[in-house]
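Trainee: Just so it is clear, I am handing over run_31.txt, which has compact mmCIF, C-alpha atoms.
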```
# COMPACT_ATOMS: atom_id res chain seq x y z
CA MET A 19 0.00 0.00 0.00
CA LEU A 20 1.11 3.56 -0.73
CA LYS A 21 0.16 6.46 1.54
CA ARG A 22 -0.70 9.82 -0.01
CA ARG A 23 -2.35 13.04 1.12
CA LEU A 24 -5.22 14.41 -0.93
CA ILE A 25 -4.85 18.20 -0.80
CA PHE A 26 -7.56 20.68 -1.80
CA HIS A 27 -7.41 24.09 -3.51
CA ARG A 28 -9.55 26.64 -5.27
CA TRP A 29 -8.75 27.19 -8.93
CA GLY A 30 -9.62 30.43 -10.66
CA SER A 31 -9.00 32.64 -13.66
CA VAL A 32 -6.18 35.18 -13.64
CA THR A 33 -7.16 38.84 -13.73
CA GLY A 34 -6.66 40.35 -17.16
CA LYS A 35 -6.43 36.96 -18.87
CA PRO A 36 -9.12 34.89 -20.65
CA ASP A 37 -11.35 32.88 -18.32
CA PHE A 38 -9.96 29.47 -17.46
CA ASN A 39 -12.18 26.50 -18.35
CA PRO A 40 -10.72 23.09 -17.40
CA ARG A 41 -12.77 21.14 -19.94
CA ASP A 42 -11.84 23.40 -22.86
CA VAL A 43 -8.16 23.31 -21.91
CA ALA A 44 -8.19 19.52 -21.43
CA SER A 45 -9.90 19.02 -24.79
CA THR A 46 -7.38 21.22 -26.59
CA LEU A 47 -4.46 19.56 -24.80
CA SER A 48 -5.76 16.07 -25.59
CA SER A 49 -6.03 16.92 -29.30
CA ALA A 50 -2.56 18.48 -29.37
CA ILE A 51 -1.01 15.40 -27.73
CA ALA A 52 -2.83 13.08 -30.12
CA ALA A 53 -1.26 14.98 -33.03
CA ASP A 54 2.20 15.17 -31.44
CA GLY A 55 3.09 13.19 -28.31
CA ASP A 56 5.94 15.56 -27.46
CA PHE A 57 3.42 18.34 -26.87
CA ALA A 58 2.78 16.73 -23.46
CA ILE A 59 6.31 17.70 -22.36
CA PHE A 60 7.57 21.08 -21.18
CA ASP A 61 11.26 21.66 -20.37
CA ASP A 62 12.00 25.02 -18.77
CA GLY A 63 15.71 24.33 -18.46
CA ASP A 64 15.60 23.53 -14.73
CA ALA A 65 12.73 21.03 -14.65
CA VAL A 66 10.85 18.83 -17.09
CA THR A 67 7.08 18.48 -16.73
CA ALA A 68 4.54 16.38 -18.61
CA VAL A 69 0.73 16.39 -18.49
CA GLU A 70 -1.70 13.71 -19.65
CA VAL A 71 -5.47 14.06 -19.93
CA THR A 72 -7.27 11.16 -18.25
CA SER A 73 -10.82 12.51 -18.65
CA ILE A 74 -12.07 15.81 -20.04
CA GLY A 75 -14.98 16.03 -17.61
CA THR A 76 -18.57 17.20 -17.89
CA GLY A 77 -20.78 19.88 -16.38
CA SER A 78 -20.82 17.93 -13.12
CA GLU A 79 -17.83 15.55 -13.32
CA PRO A 80 -14.21 16.66 -12.84
CA THR A 81 -11.49 17.10 -15.40
CA ASN A 82 -8.79 14.57 -14.49
CA LEU A 83 -5.13 14.97 -15.38
CA ARG A 84 -1.91 13.17 -14.59
CA LEU A 85 0.96 15.56 -13.80
CA PHE A 86 4.49 14.19 -14.18
CA ALA A 87 7.79 15.46 -12.85
CA LEU A 88 10.37 14.09 -15.29
CA ARG A 89 14.12 13.91 -14.90
CA GLY A 90 16.09 15.22 -17.83
CA ALA A 91 19.41 13.84 -19.04
CA ASN A 92 21.47 15.81 -16.50
CA SER A 93 19.42 14.83 -13.45
CA ARG A 94 18.64 11.17 -14.06
CA PRO A 95 19.47 8.63 -11.34
CA PHE A 96 22.02 5.89 -12.00
CA LYS A 97 22.43 2.27 -10.96
CA TRP A 98 24.69 0.86 -8.25
CA ASP A 99 25.22 -2.74 -7.17
CA SER A 100 26.90 -4.43 -4.21
CA THR A 101 30.12 -5.03 -6.17
CA GLY A 102 30.60 -1.26 -6.30
CA SER A 103 29.62 -0.96 -9.90
CA VAL A 104 28.01 2.30 -11.04
CA SER A 105 26.30 2.56 -14.42
CA PRO A 106 23.55 4.57 -16.14
CA ILE A 107 19.96 3.39 -16.22
CA SER A 108 19.21 2.39 -19.78
CA LEU A 109 16.46 4.57 -21.28
CA ARG A 110 15.46 5.32 -24.84
CA ALA A 111 15.50 8.90 -26.14
CA HIS A 112 11.82 9.55 -25.41
CA GLU A 113 11.81 7.90 -21.96
CA TYR A 114 12.22 9.63 -18.59
CA PRO A 115 12.34 8.67 -14.91
CA ALA A 116 9.11 10.11 -13.52
CA ASP A 117 7.01 10.89 -10.45
CA VAL A 118 3.28 11.47 -10.82
CA SER A 119 0.44 13.37 -9.18
CA HIS A 120 -3.22 12.89 -10.07
CA VAL A 121 -5.16 16.16 -10.40
CA SER A 122 -8.94 16.66 -10.42
CA LEU A 123 -10.57 20.01 -11.28
CA TRP A 124 -14.30 20.28 -10.62
CA PRO A 125 -16.50 22.77 -12.52
CA ASP A 126 -17.28 24.73 -9.32
CA GLY A 127 -13.69 25.92 -8.87
CA VAL A 128 -12.43 23.21 -6.52
CA CYS A 129 -9.23 21.32 -7.29
CA ALA A 130 -7.43 18.48 -5.51
CA HIS A 131 -4.36 16.34 -6.07
CA ASP A 132 -2.51 13.56 -4.29
CA TYR A 133 0.81 14.35 -2.66
CA ALA A 134 3.79 12.44 -1.29
CA LYS A 135 7.56 12.85 -1.29
CA ASP A 136 8.94 13.70 -4.76
CA VAL A 137 5.45 14.07 -6.24
CA PRO A 138 5.11 17.20 -8.45
CA ARG A 139 3.24 20.11 -6.91
CA ILE A 140 0.32 21.88 -8.49
CA SER A 141 2.46 24.90 -9.46
CA ARG A 142 3.99 22.76 -12.21
CA LEU A 143 0.56 22.45 -13.83
CA SER A 144 -0.06 26.20 -13.91
CA LEU A 145 3.42 26.76 -15.36
CA PHE A 146 2.87 24.07 -18.02
CA LEU A 147 -0.50 25.51 -19.06
CA ARG A 148 0.82 29.05 -19.17
CA ARG A 149 3.95 28.33 -21.16
CA LYS A 150 2.68 25.56 -23.46
CA MET A 151 -0.91 26.65 -24.03
CA SER A 152 -1.08 30.35 -23.06
CA SER A 153 -3.79 29.34 -20.59
CA HIS A 154 -3.64 31.06 -17.21
CA VAL A 155 -4.96 29.56 -13.97
CA LYS A 156 -4.26 30.28 -10.30
CA PHE A 157 -4.44 27.75 -7.48
CA ASP A 158 -5.21 28.94 -3.96
CA ALA A 159 -4.56 26.69 -0.99
CA LEU A 160 -7.51 25.82 1.26
CA TYR A 161 -7.16 25.69 5.03
CA ARG A 162 -9.41 24.45 7.80
CA GLU A 163 -12.00 27.00 8.84
CA ASP A 164 -10.47 27.75 12.26
CA MET A 165 -7.08 28.64 10.76
CA LEU A 166 -8.01 32.29 10.28
CA ASP A 167 -9.07 32.59 13.93
CA LYS A 168 -5.76 31.07 15.05
CA LEU A 169 -3.80 33.56 12.98
CA LYS A 170 -5.89 36.54 14.08
CA ALA A 171 -5.23 35.59 17.69
CA MET A 172 -1.47 35.87 16.99
CA GLU A 173 -1.66 39.15 15.08
CA GLY A 174 1.10 41.48 16.26
CA GLN A 175 2.44 38.84 18.66
CA MET A 176 4.28 36.41 16.40
CA ARG A 177 7.38 35.10 18.12
CA SER A 178 9.00 32.99 15.41
CA VAL A 179 8.55 31.17 12.13
CA GLU A 180 10.45 28.12 10.88
CA VAL A 181 10.45 27.58 7.12
CA ALA A 182 11.84 24.90 4.84
CA MET A 183 11.45 25.59 1.14
CA THR A 184 12.60 24.42 -2.26
CA ARG A 185 12.87 26.89 -5.09
CA ARG A 186 10.65 25.43 -7.83
CA HIS A 187 10.32 27.95 -10.64
CA GLN A 188 11.61 31.49 -11.12
CA GLU A 189 8.13 32.66 -12.08
CA THR A 190 6.51 31.51 -8.84
CA THR A 191 9.22 32.27 -6.27
CA GLY A 192 11.02 35.45 -7.25
CA GLN A 193 8.82 37.79 -5.24
CA VAL A 194 9.28 35.95 -1.94
CA PHE A 195 12.99 35.34 -2.48
CA GLY A 196 13.37 39.08 -2.97
CA THR A 197 11.82 39.94 0.41
CA LEU A 198 12.36 37.39 3.17
CA ILE A 199 15.44 36.00 1.43
CA PRO A 200 17.95 37.96 -0.71
CA GLU A 201 17.40 37.05 -4.36
CA ASN A 202 21.07 36.32 -5.07
CA PHE A 203 21.19 33.89 -2.12
CA GLY A 204 18.07 32.16 -3.42
CA ARG A 205 19.77 31.54 -6.76
CA ARG A 206 22.80 29.95 -5.09
CA ALA A 207 20.82 27.79 -2.68
CA PRO A 208 17.64 26.36 -4.19
CA SER A 209 16.80 24.46 -0.97
CA ILE A 210 16.66 26.61 2.15
CA ARG A 211 15.73 26.13 5.81
CA PHE A 212 15.65 29.10 8.18
CA THR A 213 14.17 30.41 11.42
CA LEU A 214 13.11 33.99 12.13
CA GLY A 215 12.41 34.82 15.74
CA MET A 216 13.23 36.36 19.08
CA GLY A 217 15.13 33.32 20.33
CA LYS A 218 14.15 30.84 23.01
CA TYR A 219 15.50 33.03 25.80
CA GLY A 220 14.63 36.40 24.30
CA PRO A 221 12.34 38.85 26.12
CA ARG A 222 8.80 37.48 26.23
CA ASP A 223 7.25 40.79 25.22
CA ARG A 224 9.18 41.11 21.95
CA TYR A 225 7.68 39.99 18.64
CA LEU A 226 8.47 40.01 14.94
CA ASP A 227 7.90 43.42 13.36
CA GLY A 228 4.82 44.09 11.23
CA GLU A 229 6.65 44.04 7.91
CA THR A 230 8.21 40.63 8.61
CA GLU A 231 4.87 39.28 9.80
CA GLU A 232 3.26 40.47 6.56
CA GLN A 233 5.92 38.70 4.51
CA VAL A 234 5.41 35.50 6.49
CA PHE A 235 1.73 35.50 5.60
CA ALA A 236 2.59 36.29 1.98
CA LEU A 237 4.78 33.21 1.99
CA ALA A 238 1.97 31.19 3.54
CA GLU A 239 -0.24 32.07 0.57
CA GLN A 240 2.16 30.20 -1.70
CA ALA A 241 2.82 27.28 0.65
CA ASP A 242 1.79 24.64 -1.83
CA ASP A 243 4.14 25.99 -4.48
CA PHE A 244 7.44 25.40 -2.72
CA VAL A 245 7.19 25.43 1.10
CA THR A 246 7.89 21.98 2.52
CA ASN A 247 7.48 22.96 6.17
CA MET A 248 6.24 26.06 7.99
CA ILE A 249 5.76 26.34 11.75
CA ILE A 250 4.52 29.59 13.30
CA ARG A 251 4.76 30.38 17.02
CA GLY A 252 3.07 33.31 18.67
CA ARG A 253 1.20 34.48 21.71
CA ASN A 254 -2.55 33.92 21.60
CA SER A 255 -4.15 37.18 22.69
CA ALA A 256 -7.17 35.34 24.12
CA THR A 257 -5.30 32.77 26.22
CA ASN A 258 -2.04 34.76 26.69
CA ARG A 259 -0.16 31.55 25.96
CA VAL A 260 2.47 30.92 23.29
CA GLU A 261 0.97 28.50 20.76
CA THR A 262 2.27 26.69 17.69
CA ILE A 263 0.67 26.33 14.27
CA ASN A 264 2.05 23.81 11.79
CA LEU A 265 0.74 25.43 8.64
CA LEU A 266 0.89 22.40 6.37
CA HIS A 267 -1.07 20.32 8.89
CA GLU A 268 -3.86 22.88 8.70
CA ARG A 269 -4.52 22.33 5.00
CA LEU A 270 -7.89 20.98 3.91
CA GLN A 271 -6.75 17.44 3.24
CA VAL A 272 -7.27 13.77 3.93
CA GLU A 273 -4.78 10.90 4.08
CA GLU A 274 -5.44 7.72 2.10
CA ASN A 275 -3.72 4.40 1.38
CA PHE A 276 -3.72 3.06 -2.17
CA SER A 277 -2.97 -0.25 -3.81
CA ASN A 278 0.21 -0.42 -5.85
CA SER A 279 -0.20 -0.27 -9.59
CA SER A 280 -0.15 -3.78 -11.06
CA THR A 281 2.65 -2.79 -13.44
CA ILE A 282 4.56 -0.15 -11.41
CA PRO A 283 4.92 -1.01 -7.68
CA SER A 284 6.05 2.51 -6.72
CA MET A 285 2.97 4.15 -8.27
CA PRO A 286 -0.55 4.02 -6.79
CA ASN A 287 -3.40 2.61 -8.82
CA PRO A 288 -4.58 5.66 -10.83
CA ASN A 289 -8.25 4.64 -10.83
CA GLU A 290 -8.22 4.35 -7.03
CA VAL A 291 -6.65 7.79 -6.66
CA PHE A 292 -9.15 9.56 -8.92
CA GLN A 293 -12.02 7.78 -7.18
CA ALA A 294 -10.67 8.76 -3.76
CA LEU A 295 -10.28 12.39 -4.86
CA ASP A 296 -13.92 12.47 -5.98
CA LEU A 297 -15.17 10.79 -2.80
CA ALA A 298 -13.20 13.21 -0.61
CA TYR A 299 -14.55 16.15 -2.62
CA LYS A 300 -18.14 14.97 -2.18
CA SER A 301 -17.60 14.33 1.53
CA PHE A 302 -16.11 17.80 2.11
CA GLN A 303 -18.96 19.37 0.12
CA ARG A 304 -21.57 17.45 2.08
CA ASP A 305 -20.01 18.44 5.42
CA GLY A 306 -19.68 22.09 4.40
CA LYS A 307 -15.89 22.01 4.83
CA ILE A 308 -15.12 23.40 1.39
CA ALA A 309 -17.60 26.26 1.78
CA SER A 310 -16.13 27.19 5.19
CA ALA A 311 -12.46 26.67 4.26
CA VAL A 312 -10.08 29.63 4.39
CA GLN A 313 -8.30 30.43 1.13
CA GLY A 314 -4.57 31.03 1.29
CA GLN A 315 -4.87 34.54 -0.15
CA LYS A 316 -6.77 35.60 2.98
CA MET A 317 -3.81 34.75 5.20
CA ARG A 318 -2.19 38.07 4.39
CA GLY A 319 -4.08 40.71 6.29
CA LYS A 320 -5.96 37.93 8.13
CA GLY A 321 -9.29 39.10 6.78
```
Could you express the structure from this file as structure tokens?
Mentor:
Amino acid sequence: MLKRRLIFHRWGSVTGKPDFNPRDVASTLSSAIAADGDFAIFDDGDAVTAVEVTSIGTGSEPTNLRLFALRGANSRPFKWDSTGSVSPISLRAHEYPADVSHVSLWPDGVCAHDYAKDVPRISRLSLFLRRKMSSHVKFDALYREDMLDKLKAMEGQMRSVEVAMTRRHQETTGQVFGTLIPENFGRRAPSIRFTLGMGKYGPRDRYLDGETEEQVFALAEQADDFVTNMIIRGRNSATNRVETINLLHERLQVEENFSNSSTIPSMPNPNEVFQALDLAYKSFQRDGKIASAVQGQKMRGKG
């Protein structure tokens, strides 16, 4: 069995760009791939992404895609054996080592995908669609409904934030790397872990300044793009106690176990994943959790 988290978002059109319609985009993409299989692949120089259309969807059923993170020639793994022998993995010219995420986009603006270590994040899909198809879409993380209250209670009294992040794409990370982290440092170190705070033994009445706090929430908006861990500590104004929020644990999500694919043991059964995504969506809709979820863009300003 393979364990994966099913993570939920809102998808939406980008201001000033044509409205995004998942079914239209999937139909166009499917036709383009049928005419030329290489159209499914996008290489931006740093990362290689591929997208497959599993189902175009209907007025009530989701559009289902498979999103692949591929390894180009310079980043492919190699083989080793117990005799100390190292050799390349034999692949044909059009073959790539790959990791996959299954993405469902419902007509009402809800999106979900499965996530585990090394699985491509949803930002790869928006980059692929923008650069390959001139189709613009934004994905906004969804958080549990009490997240906003927790953040409001810490407003102006944030003690520290721990962040681990991986620089994914220049187009999605430049703004944050230019504020919390110097841009030239971000280029040299694509994977970064840091802590901002008053220190364990610092004065208890000192907190991060307003500008830094604002940038922390701006980073939280983009958590699904490249943040791999984010822990916020602050004093709760209601309880007067220092509390901890693990941001990624507060996402609207559910954990599931899947059968291994019959042909690829390291990949979950695709049909099971898409079915689980749809069942989780219907359950969250029925329980009102999607309607009451807090969108990531509301983290900044906490309102």
Trainee: As number ranges by chain, please: the residues near A:Ser144 (cut-off 12 Å, only C-alpha atoms, same-chain neighbours under 5 positions excluded).
Mentor: A: 29-32, 38, 40, 43, 60, 67-69, 85, 121, 138-139, 149-158, 187, 189-190, 243
Trainee: Given the selection you just returned, output its residues as a file containing C-alpha atoms, formatted as a PDB file, in the coordinates of the input.
Mentor:
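Saved file out17.pdb follows:
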```pdb
ATOM      1  CA  TRP A  29      -8.750  27.190  -8.930  1.00  0.00           C
ATOM      2  CA  GLY A  30      -9.620  30.430 -10.660  1.00  0.00           C
ATOM      3  CA  SER A  31      -9.000  32.640 -13.660  1.00  0.00           C
ATOM      4  CA  VAL A  32      -6.180  35.180 -13.640  1.00  0.00           C
ATOM      5  CA  PHE A  38      -9.960  29.470 -17.460  1.00  0.00           C
ATOM      6  CA  PRO A  40     -10.720  23.090 -17.400  1.00  0.00           C
ATOM      7  CA  VAL A  43      -8.160  23.310 -21.910  1.00  0.00           C
ATOM      8  CA  PHE A  60       7.570  21.080 -21.180  1.00  0.00           C
ATOM      9  CA  THR A  67       7.080  18.480 -16.730  1.00  0.00           C
ATOM     10  CA  ALA A  68       4.540  16.380 -18.610  1.00  0.00           C
ATOM     11  CA  VAL A  69       0.730  16.390 -18.490  1.00  0.00           C
ATOM     12  CA  LEU A  85       0.960  15.560 -13.800  1.00  0.00           C
ATOM     13  CA  VAL A 121      -5.160  16.160 -10.400  1.00  0.00           C
ATOM     14  CA  PRO A 138       5.110  17.200  -8.450  1.00  0.00           C
ATOM     15  CA  ARG A 139       3.240  20.110  -6.910  1.00  0.00           C
ATOM     16  CA  ARG A 149       3.950  28.330 -21.160  1.00  0.00           C
ATOM     17  CA  LYS A 150       2.680  25.560 -23.460  1.00  0.00           C
ATOM     18  CA  MET A 151      -0.910  26.650 -24.030  1.00  0.00           C
ATOM     19  CA  SER A 152      -1.080  30.350 -23.060  1.00  0.00           C
ATOM     20  CA  SER A 153      -3.790  29.340 -20.590  1.00  0.00           C
ATOM     21  CA  HIS A 154      -3.640  31.060 -17.210  1.00  0.00           C
ATOM     22  CA  VAL A 155      -4.960  29.560 -13.970  1.00  0.00           C
ATOM     23  CA  LYS A 156      -4.260  30.280 -10.300  1.00  0.00           C
ATOM     24  CA  PHE A 157      -4.440  27.750  -7.480  1.00  0.00           C
ATOM     25  CA  ASP A 158      -5.210  28.940  -3.960  1.00  0.00           C
ATOM     26  CA  HIS A 187      10.320  27.950 -10.640  1.00  0.00           C
ATOM     27  CA  GLU A 189       8.130  32.660 -12.080  1.00  0.00           C
ATOM     28  CA  THR A 190       6.510  31.510  -8.840  1.00  0.00           C
ATOM     29  CA  ASP A 243       4.140  25.990  -4.480  1.00  0.00           C
TER      30      ASP A 243
END
```
Trainee: Excluding same-chain residues fewer than 5 positions from A:Val128, what lies within 9 Å of it counting all atoms listed in the file, as number ranges by chain?
Mentor: A: 26-30, 122-123, 299, 308
Trainee: Have a look at A:Glu268, A:Asp37, A:Asp132, A:Glu173 and name the one nearest to A:Ala298; count all atoms listed in the file.
Mentor: A:Asp132
Trainee: Between A:Val179, A:Leu160, A:Val71, A:Ile140, which one has atoms that come closest to A:His267, using only C-alpha atoms?
Mentor: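 Of all the options, A:Leu160 lies closest to A:His267.
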Trainee: Between A:Leu83, A:Ile25, A:Met172, A:Ile51, which one has atoms that come closest to A:Gln271, using all atoms listed in the file?
Mentor: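 Closest to A:Gln271, using all atoms listed in the file: A:Ile25.
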Trainee: When you draw a straight line from atom CA of A:Gly77 to atom CA of A:Val312, how long is it in Å?
Mentor: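 Those two atoms sit 25.3 Å apart.
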Trainee: Using all atoms listed in the file, pick whichever of A:Glu163, A:Glu261, A:Asp62, A:Glu274 has the shortest atom-to-atom distance to A:His131.
Mentor: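 Of all the options, A:Glu274 lies closest to A:His131.
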Trainee: My list of candidates is A:Ile74, A:Val137, A:Val272, A:Met285. Which is closest to A:Lys307 when distances are computed with only C-alpha atoms?
Mentor: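 Of A:Ile74, A:Val137, A:Val272, A:Met285, the one nearest A:Lys307 is A:Val272, counting only C-alpha atoms.
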Trainee: Distance atom CA of A:Asp296-atom CA of A:Ala130, one decimal place?
Mentor: 8.9 Å
Trainee: Closest to A:Thr257 among A:Ser49, A:Ala171, A:Arg89, A:Leu145, using only C-alpha atoms?
Mentor: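 Of A:Ser49, A:Ala171, A:Arg89, A:Leu145, the one nearest A:Thr257, counting only C-alpha atoms, is A:Ala171.
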Trainee: Have a look at atom CA of A:Glu70 and atom CA of A:Phe302 and let me know their distance in Å, one decimal.
Mentor: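 One can read the atom CA of A:Glu70 to atom CA of A:Phe302 distance as 26.4 Å.
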Trainee: At a cut-off of 8 Å, using all atoms listed in the file, what residues contact A:Arg22? Leave out same-chain residues fewer than 3 positions from it and give the result as a PDB file with C-alpha atoms, in the coordinates of the input.
Mentor:
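And here is the file that came out, result-v2.pdb:
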```pdb
ATOM      1  CA  ASP A 132      -2.510  13.560  -4.290  1.00  0.00           C
ATOM      2  CA  TYR A 133       0.810  14.350  -2.660  1.00  0.00           C
ATOM      3  CA  ALA A 134       3.790  12.440  -1.290  1.00  0.00           C
ATOM      4  CA  GLU A 273      -4.780  10.900   4.080  1.00  0.00           C
ATOM      5  CA  GLU A 274      -5.440   7.720   2.100  1.00  0.00           C
ATOM      6  CA  ASN A 275      -3.720   4.400   1.380  1.00  0.00           C
ATOM      7  CA  PHE A 276      -3.720   3.060  -2.170  1.00  0.00           C
TER       8      PHE A 276
END
```
Trainee: Please export stretch 86-113 of chain A as a PDB file, in the first residue's frame, restricted to N, CA and C atoms.
Mentor:
```
ATOM      1  N   PHE A  86       3.229  14.915 -14.357  1.00  0.00           N
ATOM      2  CA  PHE A  86       4.488  14.194 -14.176  1.00  0.00           C
ATOM      3  C   PHE A  86       5.657  15.145 -13.966  1.00  0.00           C
ATOM      4  N   ALA A  87       6.484  14.830 -12.988  1.00  0.00           N
ATOM      5  CA  ALA A  87       7.791  15.464 -12.853  1.00  0.00           C
ATOM      6  C   ALA A  87       8.796  14.501 -13.480  1.00  0.00           C
ATOM      7  N   LEU A  88       9.430  14.936 -14.559  1.00  0.00           N
ATOM      8  CA  LEU A  88      10.367  14.091 -15.286  1.00  0.00           C
ATOM      9  C   LEU A  88      11.806  14.523 -14.981  1.00  0.00           C
ATOM     10  N   ARG A  89      12.706  13.594 -15.095  1.00  0.00           N
ATOM     11  CA  ARG A  89      14.118  13.908 -14.896  1.00  0.00           C
ATOM     12  C   ARG A  89      14.826  13.924 -16.242  1.00  0.00           C
ATOM     13  N   GLY A  90      15.371  15.081 -16.572  1.00  0.00           N
ATOM     14  CA  GLY A  90      16.092  15.221 -17.826  1.00  0.00           C
ATOM     15  C   GLY A  90      17.433  14.515 -17.788  1.00  0.00           C
ATOM     16  N   ALA A  91      18.149  14.589 -18.890  1.00  0.00           N
ATOM     17  CA  ALA A  91      19.408  13.837 -19.037  1.00  0.00           C
ATOM     18  C   ALA A  91      20.432  14.164 -17.957  1.00  0.00           C
ATOM     19  N   ASN A  92      20.465  15.413 -17.479  1.00  0.00           N
ATOM     20  CA  ASN A  92      21.475  15.811 -16.499  1.00  0.00           C
ATOM     21  C   ASN A  92      21.073  15.541 -15.058  1.00  0.00           C
ATOM     22  N   SER A  93      19.859  15.069 -14.829  1.00  0.00           N
ATOM     23  CA  SER A  93      19.418  14.831 -13.453  1.00  0.00           C
ATOM     24  C   SER A  93      18.867  13.418 -13.248  1.00  0.00           C
ATOM     25  N   ARG A  94      19.159  12.529 -14.181  1.00  0.00           N
ATOM     26  CA  ARG A  94      18.643  11.171 -14.063  1.00  0.00           C
ATOM     27  C   ARG A  94      19.435  10.365 -13.030  1.00  0.00           C
ATOM     28  N   PRO A  95      18.759   9.504 -12.276  1.00  0.00           N
ATOM     29  CA  PRO A  95      19.473   8.632 -11.341  1.00  0.00           C
ATOM     30  C   PRO A  95      20.287   7.593 -12.102  1.00  0.00           C
ATOM     31  N   PHE A  96      21.208   6.930 -11.381  1.00  0.00           N
ATOM     32  CA  PHE A  96      22.020   5.895 -11.997  1.00  0.00           C
ATOM     33  C   PHE A  96      21.941   4.635 -11.150  1.00  0.00           C
ATOM     34  N   LYS A  97      22.489   3.558 -11.650  1.00  0.00           N
ATOM     35  CA  LYS A  97      22.427   2.269 -10.958  1.00  0.00           C
ATOM     36  C   LYS A  97      23.710   2.017 -10.169  1.00  0.00           C
ATOM     37  N   TRP A  98      23.540   1.309  -9.052  1.00  0.00           N
ATOM     38  CA  TRP A  98      24.687   0.857  -8.254  1.00  0.00           C
ATOM     39  C   TRP A  98      24.403  -0.564  -7.814  1.00  0.00           C
ATOM     40  N   ASP A  99      25.437  -1.401  -7.723  1.00  0.00           N
ATOM     41  CA  ASP A  99      25.224  -2.743  -7.175  1.00  0.00           C
ATOM     42  C   ASP A  99      26.262  -3.025  -6.099  1.00  0.00           C
ATOM     43  N   SER A 100      26.087  -4.143  -5.387  1.00  0.00           N
ATOM     44  CA  SER A 100      26.904  -4.430  -4.206  1.00  0.00           C
ATOM     45  C   SER A 100      28.370  -4.712  -4.532  1.00  0.00           C
ATOM     46  N   THR A 101      28.713  -4.873  -5.789  1.00  0.00           N
ATOM     47  CA  THR A 101      30.118  -5.030  -6.174  1.00  0.00           C
ATOM     48  C   THR A 101      30.811  -3.681  -6.340  1.00  0.00           C
ATOM     49  N   GLY A 102      30.033  -2.604  -6.157  1.00  0.00           N
ATOM     50  CA  GLY A 102      30.599  -1.265  -6.304  1.00  0.00           C
ATOM     51  C   GLY A 102      30.522  -0.739  -7.703  1.00  0.00           C
ATOM     52  N   SER A 103      29.729  -1.373  -8.516  1.00  0.00           N
ATOM     53  CA  SER A 103      29.616  -0.957  -9.903  1.00  0.00           C
ATOM     54  C   SER A 103      28.569   0.142 -10.053  1.00  0.00           C
ATOM     55  N   VAL A 104      28.918   1.192 -10.766  1.00  0.00           N
ATOM     56  CA  VAL A 104      28.006   2.296 -11.038  1.00  0.00           C
ATOM     57  C   VAL A 104      27.821   2.394 -12.545  1.00  0.00           C
ATOM     58  N   SER A 105      26.566   2.482 -12.979  1.00  0.00           N
ATOM     59  CA  SER A 105      26.304   2.563 -14.415  1.00  0.00           C
ATOM     60  C   SER A 105      24.995   3.301 -14.654  1.00  0.00           C
ATOM     61  N   PRO A 106      24.801   3.839 -15.854  1.00  0.00           N
ATOM     62  CA  PRO A 106      23.552   4.565 -16.136  1.00  0.00           C
ATOM     63  C   PRO A 106      22.376   3.606 -16.256  1.00  0.00           C
ATOM     64  N   ILE A 107      21.181   4.132 -15.976  1.00  0.00           N
ATOM     65  CA  ILE A 107      19.959   3.387 -16.221  1.00  0.00           C
ATOM     66  C   ILE A 107      19.644   3.500 -17.704  1.00  0.00           C
ATOM     67  N   SER A 108      19.424   2.388 -18.342  1.00  0.00           N
ATOM     68  CA  SER A 108      19.207   2.388 -19.782  1.00  0.00           C
ATOM     69  C   SER A 108      17.803   2.891 -20.113  1.00  0.00           C
ATOM     70  N   LEU A 109      17.737   3.988 -20.855  1.00  0.00           N
ATOM     71  CA  LEU A 109      16.464   4.571 -21.277  1.00  0.00           C
ATOM     72  C   LEU A 109      16.565   4.981 -22.741  1.00  0.00           C
ATOM     73  N   ARG A 110      15.481   4.844 -23.458  1.00  0.00           N
ATOM     74  CA  ARG A 110      15.458   5.317 -24.835  1.00  0.00           C
ATOM     75  C   ARG A 110      15.287   6.839 -24.862  1.00  0.00           C
ATOM     76  N   ALA A 111      15.469   7.438 -26.016  1.00  0.00           N
ATOM     77  CA  ALA A 111      15.505   8.896 -26.137  1.00  0.00           C
ATOM     78  C   ALA A 111      14.235   9.565 -25.622  1.00  0.00           C
ATOM     79  N   HIS A 112      13.077   8.922 -25.797  1.00  0.00           N
ATOM     80  CA  HIS A 112      11.816   9.552 -25.408  1.00  0.00           C
ATOM     81  C   HIS A 112      11.332   9.088 -24.042  1.00  0.00           C
ATOM     82  N   GLU A 113      12.193   8.414 -23.267  1.00  0.00           N
ATOM     83  CA  GLU A 113      11.807   7.899 -21.959  1.00  0.00           C
ATOM     84  C   GLU A 113      12.459   8.720 -20.837  1.00  0.00           C
TER      85      GLU A 113
END
```
